[in-house]
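What's in target-v6.pdb: PDB, C-alpha atoms
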ATOM      1  CA  ASP A   1       0.000   0.000   0.000  1.00  0.00           C
ATOM      2  CA  ALA A   2       1.224   3.476  -0.825  1.00  0.00           C
ATOM      3  CA  GLY A   3       1.783   5.635   2.211  1.00  0.00           C
ATOM      4  CA  VAL A   4       1.457   9.383   2.504  1.00  0.00           C
ATOM      5  CA  ILE A   5       3.289  10.947  -0.410  1.00  0.00           C
ATOM      6  CA  GLN A   6       4.883  14.365  -0.150  1.00  0.00           C
ATOM      7  CA  SER A   7       6.655  16.530  -2.675  1.00  0.00           C
ATOM      8  CA  PRO A   8       9.137  18.015  -3.029  1.00  0.00           C
ATOM      9  CA  ARG A   9      11.395  16.095  -0.632  1.00  0.00           C
ATOM     10  CA  HIS A  10      13.893  18.929  -0.563  1.00  0.00           C
ATOM     11  CA  GLU A  11      13.492  22.579  -1.482  1.00  0.00           C
ATOM     12  CA  VAL A  12      15.944  25.433  -1.276  1.00  0.00           C
ATOM     13  CA  THR A  13      14.511  28.840  -2.058  1.00  0.00           C
ATOM     14  CA  GLU A  14      15.350  32.468  -1.642  1.00  0.00           C
ATOM     15  CA  MET A  15      13.658  34.688   0.883  1.00  0.00           C
ATOM     16  CA  GLY A  16      10.545  36.255  -0.537  1.00  0.00           C
ATOM     17  CA  GLN A  17       9.748  33.460  -2.943  1.00  0.00           C
ATOM     18  CA  GLU A  18       6.547  31.450  -2.844  1.00  0.00           C
ATOM     19  CA  VAL A  19       6.833  27.852  -1.674  1.00  0.00           C
ATOM     20  CA  THR A  20       4.211  25.183  -2.319  1.00  0.00           C
ATOM     21  CA  LEU A  21       4.370  21.818  -0.589  1.00  0.00           C
ATOM     22  CA  ARG A  22       2.162  18.996  -1.781  1.00  0.00           C
ATOM     23  CA  CYS A  23       0.643  15.961  -0.145  1.00  0.00           C
ATOM     24  CA  LYS A  24      -1.311  12.897  -1.189  1.00  0.00           C
ATOM     25  CA  PRO A  25      -2.882  11.157   1.811  1.00  0.00           C
ATOM     26  CA  ILE A  26      -3.516   7.449   2.165  1.00  0.00           C
ATOM     27  CA  SER A  27      -6.616   6.467   0.237  1.00  0.00           C
ATOM     28  CA  GLY A  28      -9.662   6.194   2.503  1.00  0.00           C
ATOM     29  CA  HIS A  29      -8.320   8.381   5.283  1.00  0.00           C
ATOM     30  CA  ASP A  30     -10.691  11.139   6.355  1.00  0.00           C
ATOM     31  CA  TYR A  31      -8.181  13.298   8.201  1.00  0.00           C
ATOM     32  CA  LEU A  32      -5.163  15.148   6.883  1.00  0.00           C
ATOM     33  CA  PHE A  33      -2.645  16.967   9.052  1.00  0.00           C
ATOM     34  CA  TRP A  34       0.218  19.355   8.353  1.00  0.00           C
ATOM     35  CA  TYR A  35       3.025  19.439  10.933  1.00  0.00           C
ATOM     36  CA  ARG A  36       6.222  21.458  11.099  1.00  0.00           C
ATOM     37  CA  GLN A  37       9.342  20.167  12.823  1.00  0.00           C
ATOM     38  CA  THR A  38      12.254  22.324  13.990  1.00  0.00           C
ATOM     39  CA  MET A  39      15.006  21.813  16.511  1.00  0.00           C
ATOM     40  CA  MET A  40      13.757  24.665  18.643  1.00  0.00           C
ATOM     41  CA  ARG A  41      10.031  24.006  18.672  1.00  0.00           C
ATOM     42  CA  GLY A  42       9.776  20.293  18.011  1.00  0.00           C
ATOM     43  CA  LEU A  43       6.757  18.939  16.136  1.00  0.00           C
ATOM     44  CA  GLU A  44       3.977  21.515  15.762  1.00  0.00           C
ATOM     45  CA  LEU A  45       0.518  20.903  14.342  1.00  0.00           C
ATOM     46  CA  LEU A  46      -0.179  23.641  11.812  1.00  0.00           C
ATOM     47  CA  ILE A  47      -3.612  22.708  10.476  1.00  0.00           C
ATOM     48  CA  TYR A  48      -5.818  19.704   9.927  1.00  0.00           C
ATOM     49  CA  PHE A  49      -8.701  18.789   7.667  1.00  0.00           C
ATOM     50  CA  ASN A  50     -11.629  16.413   8.005  1.00  0.00           C
ATOM     51  CA  ASN A  51     -13.290  15.372   4.756  1.00  0.00           C
ATOM     52  CA  ASN A  52     -11.443  18.169   2.944  1.00  0.00           C
ATOM     53  CA  VAL A  53     -12.713  20.849   5.335  1.00  0.00           C
ATOM     54  CA  PRO A  54     -10.241  22.747   7.546  1.00  0.00           C
ATOM     55  CA  ILE A  55     -11.106  22.045  11.174  1.00  0.00           C
ATOM     56  CA  ASP A  56      -8.399  23.771  13.162  1.00  0.00           C
ATOM     57  CA  ASP A  57      -5.828  26.185  11.736  1.00  0.00           C
ATOM     58  CA  SER A  58      -4.813  27.694  15.058  1.00  0.00           C
ATOM     59  CA  GLY A  59      -1.271  26.423  14.576  1.00  0.00           C
ATOM     60  CA  MET A  60      -0.678  28.295  11.351  1.00  0.00           C
ATOM     61  CA  PRO A  61       1.980  30.793  12.350  1.00  0.00           C
ATOM     62  CA  GLU A  62       1.083  33.761  10.155  1.00  0.00           C
ATOM     63  CA  ASP A  63      -1.015  34.916   7.241  1.00  0.00           C
ATOM     64  CA  ARG A  64       1.910  34.022   5.013  1.00  0.00           C
ATOM     65  CA  PHE A  65       0.898  30.392   5.494  1.00  0.00           C
ATOM     66  CA  SER A  66      -2.135  28.895   3.798  1.00  0.00           C
ATOM     67  CA  ALA A  67      -3.363  25.355   3.220  1.00  0.00           C
ATOM     68  CA  LYS A  68      -5.964  23.884   0.947  1.00  0.00           C
ATOM     69  CA  MET A  69      -7.491  20.515   0.320  1.00  0.00           C
ATOM     70  CA  PRO A  70      -9.435  20.668  -2.951  1.00  0.00           C
ATOM     71  CA  ASN A  71     -10.236  16.942  -2.910  1.00  0.00           C
ATOM     72  CA  ALA A  72      -9.753  13.818  -0.821  1.00  0.00           C
ATOM     73  CA  SER A  73      -6.472  12.902  -2.454  1.00  0.00           C
ATOM     74  CA  PHE A  74      -4.564  16.164  -2.511  1.00  0.00           C
ATOM     75  CA  SER A  75      -3.523  18.981  -0.226  1.00  0.00           C
ATOM     76  CA  THR A  76      -1.128  21.920  -0.459  1.00  0.00           C
ATOM     77  CA  LEU A  77       0.661  24.061   2.087  1.00  0.00           C
ATOM     78  CA  LYS A  78       1.775  27.389   0.708  1.00  0.00           C
ATOM     79  CA  ILE A  79       4.147  29.981   2.155  1.00  0.00           C
ATOM     80  CA  GLN A  80       4.143  33.384   0.518  1.00  0.00           C
ATOM     81  CA  PRO A  81       6.452  35.197   0.944  1.00  0.00           C
ATOM     82  CA  SER A  82       8.924  32.771   2.505  1.00  0.00           C
ATOM     83  CA  GLU A  83      11.395  33.822   5.211  1.00  0.00           C
ATOM     84  CA  PRO A  84      14.551  32.166   6.596  1.00  0.00           C
ATOM     85  CA  ARG A  85      12.731  31.318   9.857  1.00  0.00           C
ATOM     86  CA  ASP A  86      10.373  29.115   7.839  1.00  0.00           C
ATOM     87  CA  SER A  87      13.219  26.675   7.284  1.00  0.00           C
ATOM     88  CA  ALA A  88      12.026  23.376   8.729  1.00  0.00           C
ATOM     89  CA  VAL A  89      10.788  19.923   7.856  1.00  0.00           C
ATOM     90  CA  TYR A  90       7.116  19.935   6.954  1.00  0.00           C
ATOM     91  CA  PHE A  91       5.242  16.693   7.431  1.00  0.00           C
ATOM     92  CA  CYS A  92       1.912  15.721   6.015  1.00  0.00           C
ATOM     93  CA  ALA A  93       0.011  12.946   7.759  1.00  0.00           C
ATOM     94  CA  SER A  94      -3.347  11.241   7.441  1.00  0.00           C
ATOM     95  CA  SER A  95      -5.599   9.033   9.533  1.00  0.00           C
ATOM     96  CA  PHE A  96      -8.957   7.379   9.943  1.00  0.00           C
ATOM     97  CA  PRO A  97     -11.510   9.048  12.238  1.00  0.00           C
ATOM     98  CA  PRO A  98     -11.166   8.801  16.040  1.00  0.00           C
ATOM     99  CA  GLY A  99     -11.638   5.309  17.381  1.00  0.00           C
ATOM    100  CA  GLN A 100      -9.736   2.072  17.469  1.00  0.00           C
ATOM    101  CA  ARG A 101      -8.222   2.727  14.076  1.00  0.00           C
ATOM    102  CA  HIS A 102      -7.068   6.189  15.060  1.00  0.00           C
ATOM    103  CA  THR A 103      -3.422   6.269  14.066  1.00  0.00           C
ATOM    104  CA  ILE A 104      -1.602   9.010  12.215  1.00  0.00           C
ATOM    105  CA  TYR A 105       0.547   7.932   9.301  1.00  0.00           C
ATOM    106  CA  PHE A 106       3.304  10.318   8.286  1.00  0.00           C
ATOM    107  CA  GLY A 107       4.908  11.092   4.987  1.00  0.00           C
ATOM    108  CA  GLU A 108       8.672  11.308   4.595  1.00  0.00           C
ATOM    109  CA  GLY A 109       8.606  15.099   4.949  1.00  0.00           C
ATOM    110  CA  SER A 110       9.532  18.108   2.835  1.00  0.00           C
ATOM    111  CA  TRP A 111      12.823  19.649   3.901  1.00  0.00           C
ATOM    112  CA  LEU A 112      12.598  23.391   3.305  1.00  0.00           C
ATOM    113  CA  THR A 113      15.553  25.755   3.421  1.00  0.00           C
ATOM    114  CA  VAL A 114      14.955  29.465   2.889  1.00  0.00           C
ATOM    115  CA  VAL A 115      18.119  31.467   2.288  1.00  0.00           C
TER     116      VAL A 115
ATOM    117  CA  ALA B   1      -6.518  20.459  26.670  1.00  0.00           C
ATOM    118  CA  GLN B   2      -4.447  17.351  26.379  1.00  0.00           C
ATOM    119  CA  SER B   3      -0.643  17.446  26.540  1.00  0.00           C
ATOM    120  CA  VAL B   4       2.365  15.192  26.998  1.00  0.00           C
ATOM    121  CA  THR B   5       5.665  15.700  28.746  1.00  0.00           C
ATOM    122  CA  GLN B   6       8.686  13.637  27.856  1.00  0.00           C
ATOM    123  CA  LEU B   7      11.326  13.592  30.548  1.00  0.00           C
ATOM    124  CA  GLY B   8      14.801  13.926  29.113  1.00  0.00           C
ATOM    125  CA  SER B   9      15.526  15.239  25.645  1.00  0.00           C
ATOM    126  CA  HIS B  10      18.498  12.855  25.382  1.00  0.00           C
ATOM    127  CA  VAL B  11      18.920   9.392  26.870  1.00  0.00           C
ATOM    128  CA  SER B  12      22.004   7.210  26.511  1.00  0.00           C
ATOM    129  CA  VAL B  13      22.094   3.492  27.230  1.00  0.00           C
ATOM    130  CA  SER B  14      24.631   0.784  26.561  1.00  0.00           C
ATOM    131  CA  GLU B  15      23.940  -1.869  23.969  1.00  0.00           C
ATOM    132  CA  GLY B  16      22.138  -4.723  25.682  1.00  0.00           C
ATOM    133  CA  ALA B  17      20.890  -2.566  28.561  1.00  0.00           C
ATOM    134  CA  LEU B  18      17.317  -1.703  29.440  1.00  0.00           C
ATOM    135  CA  VAL B  19      15.748   1.177  27.539  1.00  0.00           C
ATOM    136  CA  LEU B  20      13.324   3.369  29.507  1.00  0.00           C
ATOM    137  CA  LEU B  21      11.834   6.502  27.943  1.00  0.00           C
ATOM    138  CA  ARG B  22       9.441   8.448  30.136  1.00  0.00           C
ATOM    139  CA  CYS B  23       6.170  10.064  29.148  1.00  0.00           C
ATOM    140  CA  ASN B  24       3.503  11.696  31.293  1.00  0.00           C
ATOM    141  CA  TYR B  25       0.236  12.897  29.878  1.00  0.00           C
ATOM    142  CA  SER B  26      -2.536  15.268  30.761  1.00  0.00           C
ATOM    143  CA  SER B  27      -6.045  14.618  29.543  1.00  0.00           C
ATOM    144  CA  SER B  28      -9.494  15.456  30.817  1.00  0.00           C
ATOM    145  CA  VAL B  29     -11.013  12.289  29.371  1.00  0.00           C
ATOM    146  CA  PRO B  30      -9.709   8.758  28.846  1.00  0.00           C
ATOM    147  CA  PRO B  31      -6.823   9.183  26.435  1.00  0.00           C
ATOM    148  CA  TYR B  32      -5.431   7.359  23.497  1.00  0.00           C
ATOM    149  CA  LEU B  33      -1.646   7.255  23.800  1.00  0.00           C
ATOM    150  CA  PHE B  34       0.997   6.629  21.170  1.00  0.00           C
ATOM    151  CA  TRP B  35       4.720   6.187  20.783  1.00  0.00           C
ATOM    152  CA  TYR B  36       6.312   7.053  17.472  1.00  0.00           C
ATOM    153  CA  VAL B  37       9.923   6.637  16.335  1.00  0.00           C
ATOM    154  CA  GLN B  38      11.784   8.843  13.876  1.00  0.00           C
ATOM    155  CA  TYR B  39      14.974   7.639  12.243  1.00  0.00           C
ATOM    156  CA  PRO B  40      17.307  10.219  10.700  1.00  0.00           C
ATOM    157  CA  ASN B  41      15.906  11.934   7.634  1.00  0.00           C
ATOM    158  CA  GLN B  42      12.642  10.020   7.806  1.00  0.00           C
ATOM    159  CA  GLY B  43       9.074  10.579   8.882  1.00  0.00           C
ATOM    160  CA  LEU B  44       7.535   9.318  12.103  1.00  0.00           C
ATOM    161  CA  GLN B  45       6.582   5.665  12.351  1.00  0.00           C
ATOM    162  CA  LEU B  46       4.105   4.222  14.847  1.00  0.00           C
ATOM    163  CA  LEU B  47       5.716   1.965  17.476  1.00  0.00           C
ATOM    164  CA  LEU B  48       2.616   1.191  19.538  1.00  0.00           C
ATOM    165  CA  LYS B  49      -0.631   2.666  20.800  1.00  0.00           C
ATOM    166  CA  TYR B  50      -2.976   2.374  23.762  1.00  0.00           C
ATOM    167  CA  THR B  51      -6.702   2.677  23.113  1.00  0.00           C
ATOM    168  CA  SER B  52      -8.292   1.593  26.410  1.00  0.00           C
ATOM    169  CA  ALA B  53      -7.816  -2.134  25.985  1.00  0.00           C
ATOM    170  CA  ALA B  54      -4.920  -3.916  27.743  1.00  0.00           C
ATOM    171  CA  THR B  55      -2.794  -1.557  29.822  1.00  0.00           C
ATOM    172  CA  LEU B  56       0.428  -3.262  28.695  1.00  0.00           C
ATOM    173  CA  VAL B  57       0.880  -2.616  25.017  1.00  0.00           C
ATOM    174  CA  LYS B  58       3.400  -4.430  22.857  1.00  0.00           C
ATOM    175  CA  GLY B  59       4.781  -2.780  19.749  1.00  0.00           C
ATOM    176  CA  ILE B  60       7.261  -3.372  17.002  1.00  0.00           C
ATOM    177  CA  ASN B  61      10.974  -4.011  17.441  1.00  0.00           C
ATOM    178  CA  GLY B  62      10.555  -5.416  20.956  1.00  0.00           C
ATOM    179  CA  PHE B  63       9.221  -2.227  22.520  1.00  0.00           C
ATOM    180  CA  GLU B  64       6.353  -2.110  24.974  1.00  0.00           C
ATOM    181  CA  ALA B  65       4.625   0.516  27.096  1.00  0.00           C
ATOM    182  CA  GLU B  66       2.388   0.383  30.132  1.00  0.00           C
ATOM    183  CA  PHE B  67      -0.539   2.714  30.730  1.00  0.00           C
ATOM    184  CA  LYS B  68      -0.745   3.744  34.396  1.00  0.00           C
ATOM    185  CA  LYS B  69      -3.748   5.919  35.046  1.00  0.00           C
ATOM    186  CA  SER B  70      -2.826   6.626  38.666  1.00  0.00           C
ATOM    187  CA  GLU B  71       0.534   8.004  37.574  1.00  0.00           C
ATOM    188  CA  THR B  72      -0.731   9.513  34.278  1.00  0.00           C
ATOM    189  CA  SER B  73       2.236   7.810  32.634  1.00  0.00           C
ATOM    190  CA  PHE B  74       2.925   5.811  29.501  1.00  0.00           C
ATOM    191  CA  HIS B  75       6.610   4.932  29.664  1.00  0.00           C
ATOM    192  CA  LEU B  76       8.292   3.077  26.814  1.00  0.00           C
ATOM    193  CA  THR B  77      10.634   0.174  27.546  1.00  0.00           C
ATOM    194  CA  LYS B  78      12.750  -2.402  25.792  1.00  0.00           C
ATOM    195  CA  PRO B  79      14.639  -5.082  27.735  1.00  0.00           C
ATOM    196  CA  SER B  80      17.794  -5.029  25.640  1.00  0.00           C
ATOM    197  CA  ALA B  81      18.939  -2.101  23.526  1.00  0.00           C
ATOM    198  CA  HIS B  82      20.294  -2.602  20.044  1.00  0.00           C
ATOM    199  CA  MET B  83      22.388  -0.195  18.018  1.00  0.00           C
ATOM    200  CA  SER B  84      19.556   0.075  15.494  1.00  0.00           C
ATOM    201  CA  ASP B  85      17.311   1.569  18.208  1.00  0.00           C
ATOM    202  CA  ALA B  86      19.200   4.859  18.030  1.00  0.00           C
ATOM    203  CA  ALA B  87      16.546   7.350  16.941  1.00  0.00           C
ATOM    204  CA  GLU B  88      14.199  10.009  18.257  1.00  0.00           C
ATOM    205  CA  TYR B  89      11.089   8.858  20.080  1.00  0.00           C
ATOM    206  CA  PHE B  90       7.877  10.819  20.437  1.00  0.00           C
ATOM    207  CA  CYS B  91       5.049  10.265  22.865  1.00  0.00           C
ATOM    208  CA  ALA B  92       1.626  11.532  21.764  1.00  0.00           C
ATOM    209  CA  VAL B  93      -1.861  11.827  23.219  1.00  0.00           C
ATOM    210  CA  SER B  94      -5.357  12.134  21.855  1.00  0.00           C
ATOM    211  CA  ASP B  95      -8.538  12.446  23.865  1.00  0.00           C
ATOM    212  CA  SER B  96     -10.519   9.349  22.956  1.00  0.00           C
ATOM    213  CA  GLY B  97     -13.090  10.281  20.435  1.00  0.00           C
ATOM    214  CA  TYR B  98     -11.284  13.500  19.582  1.00  0.00           C
ATOM    215  CA  ASP B  99      -9.430  13.935  16.371  1.00  0.00           C
ATOM    216  CA  LYS B 100      -6.301  15.931  17.197  1.00  0.00           C
ATOM    217  CA  ILE B 101      -3.120  14.136  18.286  1.00  0.00           C
ATOM    218  CA  ILE B 102      -0.609  16.175  20.272  1.00  0.00           C
ATOM    219  CA  PHE B 103       3.070  15.221  20.323  1.00  0.00           C
ATOM    220  CA  GLY B 104       5.701  15.649  22.994  1.00  0.00           C
ATOM    221  CA  LYS B 105       9.060  17.311  22.354  1.00  0.00           C
ATOM    222  CA  GLY B 106      10.774  14.020  21.700  1.00  0.00           C
ATOM    223  CA  THR B 107      13.608  12.055  23.320  1.00  0.00           C
ATOM    224  CA  ARG B 108      16.717  11.214  21.377  1.00  0.00           C
ATOM    225  CA  LEU B 109      17.995   7.758  22.268  1.00  0.00           C
ATOM    226  CA  HIS B 110      21.730   7.119  21.963  1.00  0.00           C
ATOM    227  CA  ILE B 111      23.095   3.585  22.110  1.00  0.00           C
ATOM    228  CA  LEU B 112      26.619   3.192  23.434  1.00  0.00           C
ATOM    229  CA  PRO B 113      28.719   0.267  22.179  1.00  0.00           C
TER     230      PRO B 113
END
Please express what this file holds, its structure, as structure tokens.
Amino acid sequence: DAGVIQSPRHEVTEMGQEVTLRCKPISGHDYLFWYRQTMMRGLELLIYFNNNVPIDDSGMPEDRFSAKMPNASFSTLKIQPSEPRDSAVYFCASSFPPGQRHTIYFGEGSWLTVV
Amino acid sequence: AQSVTQLGSHVSVSEGALVLLRCNYSSSVPPYLFWYVQYPNQGLQLLLKYTSAATLVKGINGFEAEFKKSETSFHLTKPSAHMSDAAEYFCAVSDSGYDKIIFGKGTRLHILP
């Protein structure tokens, strides 16, 4: 079975440029999560969706960050304009609804460097 | 709101020794609890989870964890450490029936030869 697929795996961009990270969740999962991981702050939940609808975006750091989920098999996280402090690993994850099957499955991450 | 605290950002054990990684949780309702492992340059992988069944949960790679409600703890153990266990370990909590999973800061496990 294909897991959560993220692209690009690595991205180096200049400050001020737009960055778009992409995610394909596991087929059949109702929930999609975007996390950010840094040395200083650990693993932070940015936003999550249920059935393509954003449920909680309280973790999105600023208006420069936006996320969409136009259908059940695709989501994007966009940063515009990017800044050096956005450098981090961004993980997409998906899961079934709460209950016995409630387990988050992570992608391999998108490693973003803003210079 | 639920939260987890992992005691010790770095833990070192000798190969063959007992591994003990500590996690305490806070939750207003019966929780679901998870341990994930992250190897270098990879995503997080589920080790084991507790969902209100048996309090002693066995996971992959010889790891297990015990849910202790009285101590609000969910410590991860392995009887004998192997070099391949060197990784970062994350404890996580979710209020049962609630959809958000919150992760701890992580504990990096070092295995000494």
Exercise answer, chain B residues close to chain A, 9 Å and all atoms listed in the file, as a PyMOL selection string:
chain B and resi 32+34+41-46+49+51+94+96-106
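Residues surrounding Pro61 (chain A) within 12 Å are Tyr35, Arg36, Glu44, Leu45, Leu46, Ile47, Asp57, Ser58, Arg64, Phe65, Ser66, Ala67, Ile79, Arg85 and Asp86 of chain A [only C-alpha atoms; sequence separation below 3 positions excluded].
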Kindly export the residues of the current selection with C-alpha atoms, as an mmCIF file, keeping the file's coordinate frame.
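Produced file part.cif, reproduced below:
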data_model
loop_
_atom_site.group_PDB
_atom_site.id
_atom_site.type_symbol
_atom_site.label_atom_id
_atom_site.label_comp_id
_atom_site.auth_asym_id
_atom_site.auth_seq_id
_atom_site.Cartn_x
_atom_site.Cartn_y
_atom_site.Cartn_z
ATOM 1 C CA TYR A 35 3.025 19.439 10.933
ATOM 2 C CA ARG A 36 6.222 21.458 11.099
ATOM 3 C CA GLU A 44 3.977 21.515 15.762
ATOM 4 C CA LEU A 45 0.518 20.903 14.342
ATOM 5 C CA LEU A 46 -0.179 23.641 11.812
ATOM 6 C CA ILE A 47 -3.612 22.708 10.476
ATOM 7 C CA ASP A 57 -5.828 26.185 11.736
ATOM 8 C CA SER A 58 -4.813 27.694 15.058
ATOM 9 C CA ARG A 64 1.910 34.022 5.013
ATOM 10 C CA PHE A 65 0.898 30.392 5.494
ATOM 11 C CA SER A 66 -2.135 28.895 3.798
ATOM 12 C CA ALA A 67 -3.363 25.355 3.220
ATOM 13 C CA ILE A 79 4.147 29.981 2.155
ATOM 14 C CA ARG A 85 12.731 31.318 9.857
ATOM 15 C CA ASP A 86 10.373 29.115 7.839
#
Taking 2 positions as the minimum chain separation for residues in the same chain, which residues sit within 12 Å of Thr113 (chain A) when counting all atoms listed in the file? Answer as a ChimeraX atom specification.
/A:8-15,17,19,38,82-90,110-111,115
Can you turn the PyMOL selection byres ((chain B and resi 87) around 10) into a concrete residue list for this file, as a ChimeraX atom specification?
/B:37-40,83-86,88-90,107-111
One decimal, in Å: what's the spacing between CA of Leu32 (chain A) and CA of Phe67 (chain B)?
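Between these atoms lies a distance of 27.3 Å.
With CA of Ala1 (chain B) on one side and CA of Asn24 (chain B) on the other, the separation reads 14.1 Å.
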Pick out the residues sitting within 9 Å of Gly28 (chain A), and hand them over as number ranges by chain; count only C-alpha atoms, and ignore anything fewer than 2 positions along from it in its own chain.
A: 25-26, 30, 72-73, 95-96
Residue nearest Val29 (chain B) among B:Ala53, B:Ile60, B:Val93, B:Ala17 (counting only C-alpha atoms):
B:Val93
